[in-house]
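**Q** Structure supplied as coords_33.pdb; contents: PDB, C-alpha atoms, pLDDT in the B column.
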ATOM      1  CA  LEU F   1      29.135  29.158 161.076  1.00 52.00           C
ATOM      2  CA  GLY F   2      30.118  29.024 157.455  1.00 59.00           C
ATOM      3  CA  VAL F   3      31.367  25.971 155.639  1.00 59.00           C
ATOM      4  CA  GLY F   4      34.935  26.818 156.614  1.00 59.00           C
ATOM      5  CA  GLY F   5      34.032  27.147 160.272  1.00 61.00           C
ATOM      6  CA  ILE F   6      32.249  23.812 160.271  1.00 60.00           C
ATOM      7  CA  ALA F   7      35.250  22.169 158.618  1.00 62.00           C
ATOM      8  CA  VAL F   8      37.603  23.598 161.252  1.00 60.00           C
ATOM      9  CA  ALA F   9      35.296  22.513 164.072  1.00 62.00           C
ATOM     10  CA  LEU F  10      35.170  18.971 162.733  1.00 57.00           C
ATOM     11  CA  ALA F  11      38.940  18.914 162.248  1.00 63.00           C
ATOM     12  CA  VAL F  12      39.729  19.888 165.838  1.00 70.00           C
ATOM     13  CA  LYS F  13      36.952  17.873 167.459  1.00 77.00           C
ATOM     14  CA  GLU F  14      38.851  14.581 167.732  1.00 87.00           C
ATOM     15  CA  PRO F  15      42.221  16.042 168.825  1.00 88.00           C
ATOM     16  CA  LEU F  16      40.447  18.215 171.379  1.00 90.00           C
ATOM     17  CA  SER F  17      38.497  15.222 172.707  1.00 92.00           C
ATOM     18  CA  ASN F  18      41.702  13.223 173.047  1.00 92.00           C
ATOM     19  CA  PHE F  19      43.427  16.101 174.843  1.00 92.00           C
ATOM     20  CA  VAL F  20      40.503  16.259 177.267  1.00 93.00           C
ATOM     21  CA  GLY F  21      40.891  12.490 177.633  1.00 94.00           C
ATOM     22  CA  ARG F  22      44.499  13.021 178.728  1.00 94.00           C
ATOM     23  CA  LEU F  23      43.368  15.484 181.385  1.00 95.00           C
ATOM     24  CA  TYR F  24      40.742  12.956 182.474  1.00 95.00           C
ATOM     25  CA  ILE F  25      43.364  10.200 182.870  1.00 95.00           C
ATOM     26  CA  TYR F  26      45.529  12.373 185.108  1.00 94.00           C
ATOM     27  CA  ALA F  27      42.603  13.830 187.050  1.00 95.00           C
ATOM     28  CA  THR F  28      41.037  10.463 187.877  1.00 94.00           C
ATOM     29  CA  GLY F  29      44.305   8.542 188.297  1.00 93.00           C
ATOM     30  CA  ILE F  30      42.828   5.477 186.612  1.00 93.00           C
ATOM     31  CA  PHE F  31      46.364   4.543 185.533  1.00 95.00           C
ATOM     32  CA  GLY F  32      49.805   6.032 185.123  1.00 94.00           C
ATOM     33  CA  GLU F  33      52.964   5.403 183.162  1.00 95.00           C
ATOM     34  CA  GLY F  34      54.493   2.059 184.115  1.00 92.00           C
ATOM     35  CA  HIS F  35      51.152   0.559 185.139  1.00 93.00           C
ATOM     36  CA  PHE F  36      49.989  -2.763 183.705  1.00 92.00           C
ATOM     37  CA  ILE F  37      46.448  -2.611 182.297  1.00 93.00           C
ATOM     38  CA  PRO F  38      44.197  -4.649 180.001  1.00 93.00           C
ATOM     39  CA  PHE F  39      42.043  -2.552 177.677  1.00 94.00           C
ATOM     40  CA  GLU F  40      39.869  -3.479 174.690  1.00 91.00           C
ATOM     41  CA  GLY F  41      41.660  -6.751 174.021  1.00 90.00           C
ATOM     42  CA  TRP F  42      45.151  -5.386 174.671  1.00 91.00           C
ATOM     43  CA  SER F  43      47.156  -6.106 177.828  1.00 92.00           C
ATOM     44  CA  GLY F  44      50.421  -4.396 178.567  1.00 93.00           C
ATOM     45  CA  THR F  45      52.442  -1.708 180.302  1.00 94.00           C
ATOM     46  CA  VAL F  46      51.642   1.971 179.817  1.00 96.00           C
ATOM     47  CA  LYS F  47      54.811   3.451 178.329  1.00 96.00           C
ATOM     48  CA  ARG F  48      53.632   7.014 177.730  1.00 96.00           C
ATOM     49  CA  ILE F  49      50.497   9.111 178.101  1.00 96.00           C
ATOM     50  CA  GLY F  50      50.685  11.531 175.192  1.00 95.00           C
ATOM     51  CA  TYR F  51      48.614  14.611 174.515  1.00 94.00           C
ATOM     52  CA  PHE F  52      46.305  12.715 172.192  1.00 94.00           C
ATOM     53  CA  ARG F  53      47.166   9.015 172.542  1.00 95.00           C
ATOM     54  CA  THR F  54      48.355   6.576 175.189  1.00 97.00           C
ATOM     55  CA  TYR F  55      51.070   4.106 174.197  1.00 97.00           C
ATOM     56  CA  LEU F  56      50.826   0.562 175.522  1.00 96.00           C
ATOM     57  CA  GLU F  57      53.609  -2.032 175.294  1.00 96.00           C
ATOM     58  CA  VAL F  58      51.698  -5.257 174.640  1.00 95.00           C
ATOM     59  CA  PHE F  59      52.692  -8.112 176.942  1.00 89.00           C
ATOM     60  CA  ALA F  60      51.987 -10.863 174.376  1.00 89.00           C
ATOM     61  CA  ASP F  61      54.476  -9.791 171.703  1.00 92.00           C
ATOM     62  CA  MET F  62      56.207  -6.666 173.100  1.00 92.00           C
ATOM     63  CA  THR F  63      54.826  -4.459 170.333  1.00 95.00           C
ATOM     64  CA  THR F  64      53.468  -0.968 170.993  1.00 96.00           C
ATOM     65  CA  VAL F  65      49.855  -0.001 170.389  1.00 96.00           C
ATOM     66  CA  SER F  66      48.528   3.564 170.553  1.00 95.00           C
ATOM     67  CA  ILE F  67      45.036   4.155 171.915  1.00 96.00           C
ATOM     68  CA  PRO F  68      43.115   7.449 171.603  1.00 95.00           C
ATOM     69  CA  ASN F  69      42.827   9.038 175.038  1.00 95.00           C
ATOM     70  CA  THR F  70      39.134   9.699 174.633  1.00 94.00           C
ATOM     71  CA  LYS F  71      38.417   5.956 174.767  1.00 94.00           C
ATOM     72  CA  PHE F  72      39.522   5.812 178.386  1.00 95.00           C
ATOM     73  CA  MET F  73      36.751   8.230 179.332  1.00 93.00           C
ATOM     74  CA  THR F  74      34.025   5.723 178.474  1.00 90.00           C
ATOM     75  CA  GLY F  75      35.779   2.326 178.475  1.00 90.00           C
ATOM     76  CA  GLU F  76      36.327  -0.005 181.421  1.00 91.00           C
ATOM     77  CA  VAL F  77      39.888   0.043 182.747  1.00 92.00           C
ATOM     78  CA  LYS F  78      41.381  -2.597 185.043  1.00 91.00           C
ATOM     79  CA  ASN F  79      44.656  -1.582 186.665  1.00 91.00           C
ATOM     80  CA  TYR F  80      47.007  -4.223 188.105  1.00 86.00           C
ATOM     81  CA  TYR F  81      49.436  -1.668 189.503  1.00 87.00           C
ATOM     82  CA  GLY F  82      49.740  -1.855 193.275  1.00 83.00           C
ATOM     83  CA  ARG F  83      47.999  -5.208 193.461  1.00 87.00           C
ATOM     84  CA  ARG F  84      49.334  -7.261 196.375  1.00 91.00           C
ATOM     85  CA  GLN F  85      46.925 -10.161 196.832  1.00 93.00           C
ATOM     86  CA  PHE F  86      46.425 -13.005 194.386  1.00 94.00           C
ATOM     87  CA  ILE F  87      44.202 -16.084 194.288  1.00 95.00           C
ATOM     88  CA  TYR F  88      45.292 -19.520 193.100  1.00 96.00           C
ATOM     89  CA  LYS F  89      42.857 -22.325 192.388  1.00 96.00           C
ATOM     90  CA  TRP F  90      43.744 -25.789 191.114  1.00 96.00           C
ATOM     91  CA  ASP F  91      41.723 -28.966 190.663  1.00 96.00           C
ATOM     92  CA  LEU F  92      43.995 -31.960 191.258  1.00 96.00           C
ATOM     93  CA  ASP F  93      42.757 -35.224 189.722  1.00 96.00           C
ATOM     94  CA  ILE F  94      43.593 -38.424 191.587  1.00 96.00           C
ATOM     95  CA  PRO F  95      42.728 -42.035 190.619  1.00 94.00           C
ATOM     96  CA  TYR F  96      39.551 -43.695 191.883  1.00 92.00           C
ATOM     97  CA  ASP F  97      41.568 -46.397 193.648  1.00 92.00           C
ATOM     98  CA  THR F  98      42.924 -43.779 196.080  1.00 94.00           C
ATOM     99  CA  ASP F  99      41.216 -44.629 199.379  1.00 94.00           C
ATOM    100  CA  ARG F 100      39.768 -42.247 201.941  1.00 95.00           C
ATOM    101  CA  GLN F 101      42.715 -42.473 204.318  1.00 95.00           C
ATOM    102  CA  GLN F 102      45.192 -41.616 201.559  1.00 95.00           C
ATOM    103  CA  ILE F 103      43.104 -38.624 200.515  1.00 96.00           C
ATOM    104  CA  GLN F 104      42.867 -37.341 204.085  1.00 96.00           C
ATOM    105  CA  LYS F 105      46.635 -37.641 204.586  1.00 96.00           C
ATOM    106  CA  LEU F 106      47.246 -35.911 201.265  1.00 97.00           C
ATOM    107  CA  ILE F 107      44.953 -33.014 202.179  1.00 97.00           C
ATOM    108  CA  GLU F 108      46.539 -32.659 205.623  1.00 97.00           C
ATOM    109  CA  GLU F 109      50.055 -32.467 204.186  1.00 97.00           C
ATOM    110  CA  LEU F 110      48.943 -29.931 201.577  1.00 97.00           C
ATOM    111  CA  LYS F 111      47.420 -27.789 204.337  1.00 97.00           C
ATOM    112  CA  THR F 112      50.541 -28.074 206.493  1.00 96.00           C
ATOM    113  CA  PHE F 113      52.703 -27.038 203.558  1.00 97.00           C
ATOM    114  CA  LEU F 114      50.621 -23.983 202.648  1.00 97.00           C
ATOM    115  CA  PHE F 115      49.947 -22.841 206.224  1.00 96.00           C
ATOM    116  CA  ALA F 116      53.697 -22.815 206.894  1.00 96.00           C
ATOM    117  CA  ARG F 117      54.248 -20.188 204.186  1.00 96.00           C
ATOM    118  CA  PRO F 118      54.008 -16.622 205.557  1.00 96.00           C
ATOM    119  CA  GLU F 119      52.558 -15.176 202.341  1.00 96.00           C
ATOM    120  CA  VAL F 120      49.499 -17.456 202.469  1.00 97.00           C
ATOM    121  CA  VAL F 121      46.373 -15.888 203.991  1.00 96.00           C
ATOM    122  CA  ARG F 122      45.274 -18.742 206.276  1.00 94.00           C
ATOM    123  CA  GLU F 123      41.645 -17.680 206.594  1.00 94.00           C
ATOM    124  CA  SER F 124      41.397 -17.771 202.789  1.00 95.00           C
ATOM    125  CA  CYS F 125      42.878 -21.215 202.215  1.00 96.00           C
ATOM    126  CA  TRP F 126      40.717 -24.263 201.485  1.00 96.00           C
ATOM    127  CA  ILE F 127      41.743 -27.773 200.431  1.00 97.00           C
ATOM    128  CA  TYR F 128      39.068 -30.447 200.161  1.00 97.00           C
ATOM    129  CA  LEU F 129      37.668 -33.344 198.123  1.00 96.00           C
ATOM    130  CA  ASP F 130      35.450 -31.416 195.739  1.00 96.00           C
ATOM    131  CA  ARG F 131      33.750 -33.948 193.469  1.00 94.00           C
ATOM    132  CA  LEU F 132      33.834 -37.283 191.670  1.00 93.00           C
ATOM    133  CA  ASP F 133      34.494 -36.852 187.961  1.00 91.00           C
ATOM    134  CA  SER F 134      34.047 -39.430 185.231  1.00 86.00           C
ATOM    135  CA  TYR F 135      37.593 -40.746 185.570  1.00 87.00           C
ATOM    136  CA  SER F 136      38.955 -39.281 188.822  1.00 93.00           C
ATOM    137  CA  LYS F 137      38.382 -37.901 192.275  1.00 95.00           C
ATOM    138  CA  VAL F 138      39.078 -34.169 192.395  1.00 96.00           C
ATOM    139  CA  VAL F 139      40.885 -32.411 195.236  1.00 97.00           C
ATOM    140  CA  ARG F 140      40.459 -28.640 195.049  1.00 97.00           C
ATOM    141  CA  VAL F 141      43.207 -26.317 196.270  1.00 97.00           C
ATOM    142  CA  TRP F 142      42.069 -22.691 196.691  1.00 97.00           C
ATOM    143  CA  PHE F 143      44.108 -20.067 198.517  1.00 97.00           C
ATOM    144  CA  LYS F 144      45.018 -16.385 198.652  1.00 97.00           C
ATOM    145  CA  VAL F 145      48.546 -15.016 198.978  1.00 97.00           C
ATOM    146  CA  THR F 146      50.158 -11.626 199.559  1.00 96.00           C
ATOM    147  CA  LEU F 147      53.053 -10.939 197.183  1.00 94.00           C
ATOM    148  CA  PRO F 148      55.168  -7.869 196.324  1.00 91.00           C
ATOM    149  CA  ASP F 149      53.646  -7.316 192.885  1.00 85.00           C
ATOM    150  CA  TRP F 150      52.026  -8.875 189.834  1.00 81.00           C
ATOM    151  CA  SER F 151      55.305 -10.042 188.301  1.00 81.00           C
ATOM    152  CA  ALA F 152      56.111 -12.031 191.452  1.00 88.00           C
ATOM    153  CA  SER F 153      52.831 -13.912 191.053  1.00 89.00           C
ATOM    154  CA  LEU F 154      53.892 -15.332 187.684  1.00 83.00           C
ATOM    155  CA  ASN F 155      56.596 -17.615 189.093  1.00 89.00           C
ATOM    156  CA  TYR F 156      54.916 -18.219 192.431  1.00 94.00           C
ATOM    157  CA  GLY F 157      52.339 -20.674 191.111  1.00 92.00           C
ATOM    158  CA  ASN F 158      55.058 -22.572 189.267  1.00 92.00           C
ATOM    159  CA  ASP F 159      57.059 -23.062 192.481  1.00 93.00           C
ATOM    160  CA  ILE F 160      54.021 -24.194 194.469  1.00 96.00           C
ATOM    161  CA  LEU F 161      53.049 -26.765 191.836  1.00 95.00           C
ATOM    162  CA  TYR F 162      56.521 -28.305 191.984  1.00 95.00           C
ATOM    163  CA  GLU F 163      56.155 -28.642 195.755  1.00 96.00           C
ATOM    164  CA  ILE F 164      52.704 -30.206 195.348  1.00 96.00           C
ATOM    165  CA  GLN F 165      54.177 -32.791 192.985  1.00 96.00           C
ATOM    166  CA  GLY F 166      56.666 -33.700 195.708  1.00 96.00           C
ATOM    167  CA  ILE F 167      53.864 -34.077 198.265  1.00 97.00           C
ATOM    168  CA  PHE F 168      51.976 -36.419 195.940  1.00 96.00           C
ATOM    169  CA  ALA F 169      55.123 -38.510 195.483  1.00 96.00           C
ATOM    170  CA  ARG F 170      55.737 -38.759 199.243  1.00 95.00           C
ATOM    171  CA  GLN F 171      52.138 -39.810 199.851  1.00 95.00           C
ATOM    172  CA  GLY F 172      52.279 -42.392 197.064  1.00 94.00           C
ATOM    173  CA  VAL F 173      49.367 -40.782 195.209  1.00 95.00           C
ATOM    174  CA  ASP F 174      49.356 -40.509 191.415  1.00 93.00           C
ATOM    175  CA  PHE F 175      47.798 -37.840 189.243  1.00 94.00           C
ATOM    176  CA  ALA F 176      44.890 -39.205 187.225  1.00 92.00           C
ATOM    177  CA  PHE F 177      44.431 -38.656 183.520  1.00 85.00           C
ATOM    178  CA  PRO F 178      41.776 -39.820 181.049  1.00 83.00           C
ATOM    179  CA  THR F 179      42.242 -43.322 179.649  1.00 77.00           C
ATOM    180  CA  GLN F 180      40.190 -45.304 177.193  1.00 74.00           C
ATOM    181  CA  VAL F 181      39.676 -49.041 176.781  1.00 72.00           C
ATOM    182  CA  VAL F 182      38.860 -50.172 173.242  1.00 74.00           C
ATOM    183  CA  SER F 183      37.828 -53.797 172.566  1.00 74.00           C
ATOM    184  CA  LEU F 184      37.713 -55.144 169.018  1.00 75.00           C
ATOM    185  CA  GLU F 185      36.295 -58.423 167.722  1.00 76.00           C
ATOM    186  CA  ASP F 186      36.981 -59.414 164.114  1.00 73.00           C
ATOM    187  CA  GLY F 187      37.913 -55.813 163.390  1.00 68.00           C
ATOM    188  CA  ARG F 188      34.631 -54.481 164.782  1.00 71.00           C
ATOM    189  CA  LEU F 189      34.277 -52.258 167.845  1.00 64.00           C
ATOM    190  CA  VAL F 190      32.799 -54.253 170.714  1.00 61.00           C
ATOM    191  CA  LYS F 191      33.284 -51.916 173.642  1.00 61.00           C
ATOM    192  CA  ASN F 192      34.649 -48.418 174.115  1.00 59.00           C
ATOM    193  CA  THR F 193      34.732 -47.278 177.726  1.00 59.00           C
ATOM    194  CA  ALA F 194      36.491 -44.655 179.793  1.00 57.00           C
ATOM    195  CA  ALA F 195      38.630 -45.752 182.714  1.00 55.00           C
ATOM    196  CA  SER F 196      40.611 -44.179 185.506  1.00 52.00           C
ATOM    197  CA  SER F 197      44.377 -44.027 185.577  1.00 46.00           C
ATOM    198  CA  PRO F 198      46.874 -45.284 186.526  1.00 45.00           C
ATOM    199  CA  LEU F 199      46.711 -47.927 183.832  1.00 38.00           C
ATOM    200  CA  MET F 200      46.029 -51.459 184.973  1.00 36.00           C
ATOM    201  CA  PRO F 201      48.130 -54.289 183.538  1.00 35.00           C
ATOM    202  CA  TYR F 202      46.694 -55.349 180.200  1.00 34.00           C
ATOM    203  CA  ASP F 203      45.731 -58.867 181.307  1.00 37.00           C
ATOM    204  CA  SER F 204      43.929 -57.629 184.433  1.00 34.00           C
ATOM    205  CA  CYS F 205      41.750 -55.102 182.647  1.00 37.00           C
ATOM    206  CA  PRO F 206      38.145 -56.387 183.027  1.00 38.00           C
ATOM    207  CA  GLU F 207      37.130 -55.085 179.620  1.00 39.00           C
ATOM    208  CA  THR F 208      39.883 -57.027 177.828  1.00 37.00           C
ATOM    209  CA  ALA F 209      40.717 -60.018 180.034  1.00 38.00           C
ATOM    210  CA  GLY F 210      39.343 -63.281 178.638  1.00 39.00           C
ATOM    211  CA  GLY F 211      36.521 -63.328 176.080  1.00 38.00           C
ATOM    212  CA  SER F 212      36.778 -63.917 172.372  1.00 32.00           C
ATOM    213  CA  ALA F 213      38.216 -60.605 171.312  1.00 35.00           C
ATOM    214  CA  THR F 214      40.896 -61.153 168.701  1.00 30.00           C
ATOM    215  CA  SER F 215      42.370 -57.677 168.908  1.00 33.00           C
ATOM    216  CA  LYS F 216      42.432 -55.584 172.032  1.00 35.00           C
ATOM    217  CA  THR F 217      44.060 -52.191 172.428  1.00 36.00           C
ATOM    218  CA  ARG F 218      44.349 -49.667 175.162  1.00 36.00           C
ATOM    219  CA  GLN F 219      44.955 -46.014 174.496  1.00 37.00           C
ATOM    220  CA  ALA F 220      45.908 -43.366 177.021  1.00 37.00           C
ATOM    221  CA  ASP F 221      46.121 -39.646 176.971  1.00 41.00           C
ATOM    222  CA  ASN F 222      49.808 -38.860 177.493  1.00 39.00           C
ATOM    223  CA  GLY F 223      49.383 -35.709 179.507  1.00 42.00           C
ATOM    224  CA  ASP F 224      48.496 -35.186 183.139  1.00 43.00           C
ATOM    225  CA  LYS F 225      45.205 -33.329 183.382  1.00 40.00           C
ATOM    226  CA  ARG F 226      45.399 -30.415 185.799  1.00 42.00           C
ATOM    227  CA  LYS F 227      42.950 -27.527 185.905  1.00 42.00           C
ATOM    228  CA  HIS F 228      44.224 -24.253 187.520  1.00 43.00           C
ATOM    229  CA  SER F 229      43.632 -20.388 187.604  1.00 43.00           C
ATOM    230  CA  SER F 230      45.039 -17.185 188.993  1.00 45.00           C
ATOM    231  CA  ARG F 231      43.352 -14.299 189.276  1.00 45.00           C
TER     232      ARG F 231
END
Show the structure stored in the file as structure tokens.
**A**
Amino acid sequence: LGVGGIAVALAVKEPLSNFVGRLYIYATGIFGEGHFIPFEGWSGTVKRIGYFRTYLEVFADMTTVSIPNTKFMTGEVKNYYGRRQFIYKWDLDIPYDTDRQQIQKLIEELKTFLFARPEVVRESCWIYLDRLDSYSKVVRVWFKVTLPDWSASLNYGNDILYEIQGIFARQGVDFAFPTQVVSLEDGRLVKNTAASSPLMPYDSCPETAGGSATSKTRQADNGDKRKHSSR
């Protein structure tokens, strides 16, 4: 080939590769228009599969990004379209003064609530006392559900958490959150210790009751601490 031929070959190489990438997408069925996929840091709905590029409407900000089709031939593609089963996992922190009987009743009511829901896969539902953290006992809730589609899963977890809050209230169990006891003497730090919520009355706190401390303060994290995931 002459210089001109080489130039033409280089010019058509990328468009041709992307066109082949389009054929690859349709032939393998890795995704289609309207499918929700994450790819190379982008997550969104496939709006159009063009001859040379695929156009993705990004979920985070509703902008459109175009991706060369050839990238889908070598990259990893996860497709959420057609997904029907979803997993929810939450770690619920409860105070250390919650006794064994209260925990057992709480777990039983949580199980009764979830088992009564037809979308919950009973053989994939576990609720148990998982561990003892630095400031709380942790009850783990782990279960699988069958839902119509991915969008339905977004609000589902929200609704279940509201119901769980109601169960905690009926059982008289609080959610724990990190607290800190700070003792000062003559402006100097004497003791700085973590404690479990709910907060004890100031005068009954063992780190601050009595003694010669001239200034005693107690600080609390304002937010409930809940760990959860959906996959």
**Q** Out of F:Thr179, F:Thr112, F:Thr70, F:Ser151, which residue has the shortest atom-to-atom distance to Ile127 of chain F when counting only C-alpha atoms?
**A** F:Thr112
**Q** Between atom CA of Asn158 of chain F and atom CA of Glu40 of chain F, what is the distance, to one decimal in Å?
**A**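 Answer for the atom CA of Asn158 of chain F to atom CA of Glu40 of chain F separation: 28.4 Å.
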**Q** Tell me which residues the PyMOL selection byres ((chain F and resi 83-91) around 12) grabs here, as a compact mmCIF listing (two decimals) with C-alpha atoms, in the frame of the given file.
**A**
# COMPACT_ATOMS: atom_id res chain seq x y z
CA HIS F 35 51.15 0.56 185.14
CA PHE F 36 49.99 -2.76 183.70
CA ILE F 37 46.45 -2.61 182.30
CA LYS F 78 41.38 -2.60 185.04
CA ASN F 79 44.66 -1.58 186.66
CA TYR F 80 47.01 -4.22 188.10
CA TYR F 81 49.44 -1.67 189.50
CA GLY F 82 49.74 -1.86 193.28
CA LEU F 92 44.00 -31.96 191.26
CA ASP F 93 42.76 -35.22 189.72
CA ILE F 94 43.59 -38.42 191.59
CA LEU F 114 50.62 -23.98 202.65
CA GLU F 119 52.56 -15.18 202.34
CA VAL F 120 49.50 -17.46 202.47
CA VAL F 121 46.37 -15.89 203.99
CA SER F 124 41.40 -17.77 202.79
CA CYS F 125 42.88 -21.22 202.22
CA TRP F 126 40.72 -24.26 201.48
CA ILE F 127 41.74 -27.77 200.43
CA TYR F 128 39.07 -30.45 200.16
CA LEU F 129 37.67 -33.34 198.12
CA ASP F 130 35.45 -31.42 195.74
CA ARG F 131 33.75 -33.95 193.47
CA LEU F 132 33.83 -37.28 191.67
CA ASP F 133 34.49 -36.85 187.96
CA SER F 136 38.96 -39.28 188.82
CA LYS F 137 38.38 -37.90 192.28
CA VAL F 138 39.08 -34.17 192.40
CA VAL F 139 40.88 -32.41 195.24
CA ARG F 140 40.46 -28.64 195.05
CA VAL F 141 43.21 -26.32 196.27
CA TRP F 142 42.07 -22.69 196.69
CA PHE F 143 44.11 -20.07 198.52
CA LYS F 144 45.02 -16.39 198.65
CA VAL F 145 48.55 -15.02 198.98
CA THR F 146 50.16 -11.63 199.56
CA LEU F 147 53.05 -10.94 197.18
CA PRO F 148 55.17 -7.87 196.32
CA ASP F 149 53.65 -7.32 192.88
CA TRP F 150 52.03 -8.88 189.83
CA SER F 151 55.30 -10.04 188.30
CA ALA F 152 56.11 -12.03 191.45
CA SER F 153 52.83 -13.91 191.05
CA LEU F 154 53.89 -15.33 187.68
CA TYR F 156 54.92 -18.22 192.43
CA GLY F 157 52.34 -20.67 191.11
CA ASN F 158 55.06 -22.57 189.27
CA ILE F 160 54.02 -24.19 194.47
CA LEU F 161 53.05 -26.76 191.84
CA ILE F 164 52.70 -30.21 195.35
CA PHE F 175 47.80 -37.84 189.24
CA ALA F 176 44.89 -39.20 187.22
CA ASP F 224 48.50 -35.19 183.14
CA LYS F 225 45.20 -33.33 183.38
CA ARG F 226 45.40 -30.42 185.80
CA LYS F 227 42.95 -27.53 185.90
CA HIS F 228 44.22 -24.25 187.52
CA SER F 229 43.63 -20.39 187.60
CA SER F 230 45.04 -17.18 188.99
CA ARG F 231 43.35 -14.30 189.28
**Q** Go through F:Leu184, F:Val65, F:Val20, F:Leu106 and flag the residue nearest Arg170 of chain F, using only C-alpha atoms for the distances.
**A**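 Ranked by minimum distance to Arg170 of chain F, first place goes to F:Leu106.
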**Q** Tell me, in Å to one decimal, how far atom CA of Phe39 of chain F is from atom CA of Asn18 of chain F.
**A**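 Calculated distance between atom CA of Phe39 of chain F and atom CA of Asn18 of chain F is 16.4 Å.
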**Q** How many Å separate atom CA of Arg100 of chain F from atom CA of Pro118 of chain F?
**A**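 Between atom CA of Arg100 of chain F and atom CA of Pro118 of chain F the gap works out to 29.5 Å.
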**Q** For the file shown, report as a list in words the outcome of the PyMOL selection byres ((chain F and resi 56) around 6) at residue level.
**A**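 So the PyMOL selection byres ((chain F and resi 56) around 6), applied here, picks out Gly44, Thr45, Val46, Lys47, Tyr55, Glu57, Val58, Thr64 and Val65 of chain F.
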**Q** Can you work out which one of F:Glu109, F:Ile25, F:Pro68, F:Phe177 has the shortest atom-to-atom distance to Glu163 of chain F, counting all atoms listed in the file?
**A** F:Glu109
**Q** If the box runs along x, y and z of the file and leaves 8 Å on each side of segment 172-190 of chain F, what are its centre and edge lengths in Å, one decimal, as JSON?
**A**
{"center_x": 42.5, "center_y": -48.6, "center_z": 180.2, "size_x": 35.5, "size_y": 37.6, "size_z": 49.7}
**Q** From the list F:Ile49, F:Val173, F:Val182, F:Ile30, which residue is nearest Gly75 of chain F when using only C-alpha atoms?
**A** F:Ile30
